[in-house]
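Student: Please see the structure below; I have some questions.
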Amino acid sequence: MEHIVTESANRPAPEATALSGAEWQKRLEKIAADPRMSEENTTISSASVRKLAVPFLFAGLVGLIVTIIGGFTVSPEHALASFEVGLFTSLAIALGGMFWVMVFHSLNAGWSITLRRQFENLGAVIWFPAVILILIAILEVIYSQSHHEGILLKWLNHQEYNHLLHVKEPYLNAGFLIFRVLIYAAAWIIISRCFLGWSRRMDETGDRRLGRKSRRVAGFAIPVFALTTTFAAFDYLMSPDYRFFSTMWGVYYFASCGLAGVSAVAIIAYFLRRAGKLEGLVTSEHYHDLGKLVFAFTVFWAYISFSQYFLIWYSNIPEETAWFYNRQEHGYQWLFILMIWGHFLVPFLLLIWRRTKRTMGLLAIMGSFMILMVIMDMVWILRPMVDFANPSEGGSAIANIWLDIAGVVGALGLFAGLVALKIAKGPLLPLKDPMLHEALKHKNYV
């Protein structure tokens, strides 16, 4: 197969987009003439995707129903915590996709163009976890009206005087919670829809101004992303134990977002290649860079996790150390060991190997494994908060494990099915991006 690309060397986006109109049309014609850019290679039929999406959606629906049943037969705390494990994993994948899109635009990353559409697709489905977060906040508030505390957010409508809750009441109150969640959801949905919308419009029109617009907006959207992600992690993942506090909590969850997003794209790209799509457009060179990002955020997560643990251990403040104590005792010891070995040591040794990063099958396996570790990280955060809301009561990490599985499958199954359907709704890559010519001939030299 003959590859037809431009003769110019890799150039940064500002110069590339400064071509005259005639030169730009000539470049588009050359790229369009490349056999790799055929419609058959750059699109996938809805029928093909539905074969994968329908089982995911069915499993998610069954998991959701079983979780609701578990909420009545076991406990609402256990059921909601299990569902939130899957929900916050889904949210991490979507936020990670959105984050990488903004980073690629900000850095004029030419190599990522043939993969960027899949990051955009992940970000575009953020409406699902965002809407569910709003519903959970409303459910928590309604539940607190009759039970004088929320399901997981025990500080909601708390009746007995508590000095700590009294001090934190300006932030930890029902009205402000609902307001914040609406802000988070609106910001995420608007940002994700803008970037995907501009990218798809460029597919149709070839208007280079949309690329410049994305680059400018990314600079403003990244701080919005950082703030909303941080406070959402505070509200749902830290405040269930309102005595605990960590200034590193936002970046701790962000590390999972960056890792989950790039791991999910490694899996998606593998299945697209197995389906005969993106042949010659996503190569071992692109996979190599994906692998570098998976490796980098594996190390970054470990760095943030250890830094948080070390500072809390060193300061030895009871409100902070109790959080970790409850996760090293009473049936949760194995999770603590799993986080050390499974989330860092083992993937570090495997991903540092060059062949793992350049082999699509191996990297897809590692991506699946890292998403599993993100799930276990969410279990590590949320499940002990159910069992140890009262420090005098013990719990078990494996009690009613069927409910934990149902909750995770319910949230992740629905999310995965929606992502699969989204992939089939447009081209599998940005067809007329100004930097596409760089991605077509991308090569690693290290």
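Scheme for the structure tokens: letters A, B, ... for chains in order shown; per-chain residue numbers from 1; ligand numbers from 1 in order shown.
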What are the closest atom pairs, with distances in Å to one decimal, for all residues of range 86-141 of chain A lying within 9 Å of range 278-292 of chain A? Consider only C-alpha atoms, order rows by chain and residue number, and present the result as a tab-separated table.
Tutor:
```
residue	atom	partner	partner_atom	distance
A:Trp111	CA	A:His286	CA	7.0
A:Ser112	CA	A:His286	CA	7.3
A:Thr114	CA	A:Leu281	CA	6.3
A:Leu115	CA	A:Val282	CA	7.1
```
Student: Any chance you could list, as JSON, numbers by chain, the residues in range 252-399 of chain A that come up helix (DSSP H, G or I) when DSSP is run on the backbone?
Tutor: {"A": [252, 253, 254, 255, 256, 257, 258, 259, 260, 261, 262, 263, 264, 265, 266, 267, 268, 269, 270, 271, 272, 273, 274, 284, 285, 286, 287, 288, 289, 290, 291, 292, 293, 294, 295, 296, 297, 298, 299, 300, 301, 302, 303, 304, 305, 306, 307, 308, 309, 310, 311, 312, 313, 314, 315, 318, 319, 320, 321, 322, 323, 324, 325, 333, 334, 335, 336, 337, 338, 339, 340, 341, 342, 343, 344, 345, 346, 347, 348, 349, 350, 351, 354, 355, 356, 357, 358, 360, 361, 362, 363, 364, 365, 366, 367, 368, 369, 370, 371, 372, 373, 374, 375, 376, 377, 378, 379, 380, 381, 382, 383, 384, 385, 386, 387]}
Student: How would the residues just picked look written out with C-alpha atoms as a short mmCIF file (atom, residue, chain, number, x, y, z; two decimals), in the first residue's frame?
Tutor:
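Resulting contents of selection_24.cif:
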```
data_model
loop_
_atom_site.label_atom_id
_atom_site.label_comp_id
_atom_site.auth_asym_id
_atom_site.auth_seq_id
_atom_site.Cartn_x
_atom_site.Cartn_y
_atom_site.Cartn_z
CA TYR A 252 -5.03 11.92 43.85
CA TYR A 253 -8.30 11.40 41.98
CA PHE A 254 -6.95 13.28 38.96
CA ALA A 255 -4.13 10.71 38.74
CA SER A 256 -6.77 8.01 38.35
CA CYS A 257 -8.52 10.10 35.67
CA GLY A 258 -5.38 10.51 33.55
CA LEU A 259 -4.52 6.83 33.90
CA ALA A 260 -8.04 5.52 33.23
CA GLY A 261 -8.58 7.72 30.17
CA VAL A 262 -5.42 6.71 28.33
CA SER A 263 -5.87 3.04 29.33
CA ALA A 264 -9.40 3.03 27.90
CA VAL A 265 -8.16 4.45 24.57
CA ALA A 266 -5.50 1.73 24.39
CA ILE A 267 -8.30 -0.85 24.66
CA ILE A 268 -10.56 0.91 22.14
CA ALA A 269 -7.74 1.29 19.62
CA TYR A 270 -6.92 -2.40 19.93
CA PHE A 271 -10.49 -3.48 19.19
CA LEU A 272 -10.76 -1.06 16.28
CA ARG A 273 -7.58 -2.49 14.79
CA ARG A 274 -8.91 -6.01 15.34
CA SER A 284 2.99 0.55 16.95
CA GLU A 285 4.52 4.05 17.00
CA HIS A 286 1.27 5.55 18.29
CA TYR A 287 0.84 2.68 20.70
CA HIS A 288 4.33 3.30 21.98
CA ASP A 289 3.34 6.84 22.97
CA LEU A 290 0.09 5.61 24.51
CA GLY A 291 2.15 3.16 26.53
CA LYS A 292 4.40 5.97 27.71
CA LEU A 293 1.38 7.84 29.02
CA VAL A 294 0.03 4.75 30.80
CA PHE A 295 3.46 4.21 32.33
CA ALA A 296 3.82 7.88 33.31
CA PHE A 297 0.48 8.04 35.09
CA THR A 298 1.09 4.70 36.81
CA VAL A 299 4.18 6.29 38.34
CA PHE A 300 2.37 9.58 38.95
CA TRP A 301 -0.44 7.83 40.84
CA ALA A 302 2.13 6.01 42.99
CA TYR A 303 3.98 9.25 43.69
CA ILE A 304 0.82 11.08 44.78
CA SER A 305 -0.45 8.12 46.81
CA PHE A 306 2.83 7.69 48.66
CA SER A 307 3.19 11.44 49.24
CA GLN A 308 -0.29 11.62 50.76
CA TYR A 309 0.32 8.54 52.91
CA PHE A 310 3.77 9.67 54.03
CA LEU A 311 2.66 13.16 55.07
CA ILE A 312 -0.31 11.79 57.03
CA TRP A 313 1.88 9.17 58.69
CA TYR A 314 4.50 11.77 59.58
CA SER A 315 2.09 14.36 61.01
CA PRO A 318 -5.86 11.37 64.48
CA GLU A 319 -8.47 12.63 62.00
CA GLU A 320 -6.14 11.70 59.13
CA THR A 321 -4.50 8.53 60.41
CA ALA A 322 -7.87 6.93 61.23
CA TRP A 323 -8.71 6.95 57.52
CA PHE A 324 -5.69 4.78 56.73
CA TYR A 325 -6.03 2.67 59.86
CA GLN A 333 -5.53 -5.54 54.56
CA TRP A 334 -5.44 -7.32 51.22
CA LEU A 335 -6.60 -4.16 49.45
CA PHE A 336 -3.73 -2.20 50.95
CA ILE A 337 -1.25 -4.80 49.66
CA LEU A 338 -3.02 -4.93 46.27
CA MET A 339 -2.67 -1.18 45.83
CA ILE A 340 1.09 -1.43 46.36
CA TRP A 341 1.73 -4.39 44.09
CA GLY A 342 -1.09 -4.22 41.56
CA HIS A 343 -1.35 -0.49 41.08
CA PHE A 344 2.36 0.24 40.94
CA LEU A 345 5.10 -2.38 41.30
CA VAL A 346 3.86 -4.99 38.81
CA PRO A 347 2.67 -2.57 36.07
CA PHE A 348 5.85 -0.50 36.54
CA LEU A 349 8.02 -3.52 35.77
CA LEU A 350 5.84 -4.55 32.80
CA LEU A 351 5.29 -1.12 31.26
CA ARG A 354 9.59 -1.31 25.42
CA ARG A 355 7.90 -4.30 23.81
CA THR A 356 4.85 -3.97 26.08
CA LYS A 357 4.28 -0.41 24.94
CA ARG A 358 4.69 -1.22 21.23
CA MET A 360 -1.14 -3.62 20.78
CA GLY A 361 -2.37 -6.78 22.48
CA LEU A 362 -0.02 -6.44 25.44
CA LEU A 363 -0.82 -2.77 25.97
CA ALA A 364 -4.57 -3.47 25.72
CA ILE A 365 -4.15 -6.11 28.44
CA MET A 366 -2.22 -3.65 30.57
CA GLY A 367 -4.87 -0.98 29.94
CA SER A 368 -7.59 -3.39 31.11
CA PHE A 369 -5.53 -4.27 34.16
CA MET A 370 -4.97 -0.61 35.05
CA ILE A 371 -8.70 0.13 34.79
CA LEU A 372 -9.26 -2.83 37.12
CA MET A 373 -6.79 -1.22 39.52
CA VAL A 374 -8.69 2.07 39.30
CA ILE A 375 -11.83 0.12 40.26
CA MET A 376 -10.00 -1.39 43.22
CA ASP A 377 -8.78 2.08 44.17
CA MET A 378 -12.39 3.28 44.26
CA VAL A 379 -13.26 0.23 46.39
CA TRP A 380 -10.37 1.19 48.67
CA ILE A 381 -11.82 4.69 49.03
CA LEU A 382 -15.55 4.03 49.28
CA ARG A 383 -16.26 0.63 50.82
CA PRO A 384 -14.53 1.20 54.18
CA MET A 385 -16.49 4.45 54.52
CA VAL A 386 -19.63 2.30 54.69
CA ASP A 387 -18.30 -0.15 57.27
#
```
Student: Tyr236 in chain A: which residues within 10 Å, counting only C-alpha atoms, same-chain residues fewer than 5 positions away excluded, as a list in words?
Tutor: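 Counting only C-alpha atoms, the residues come to Glu84, Phe88, Leu133, Ile136, Ala137, Leu152, Leu153, Leu177, Val181, Phe231, Asp241 and Leu382 of chain A.
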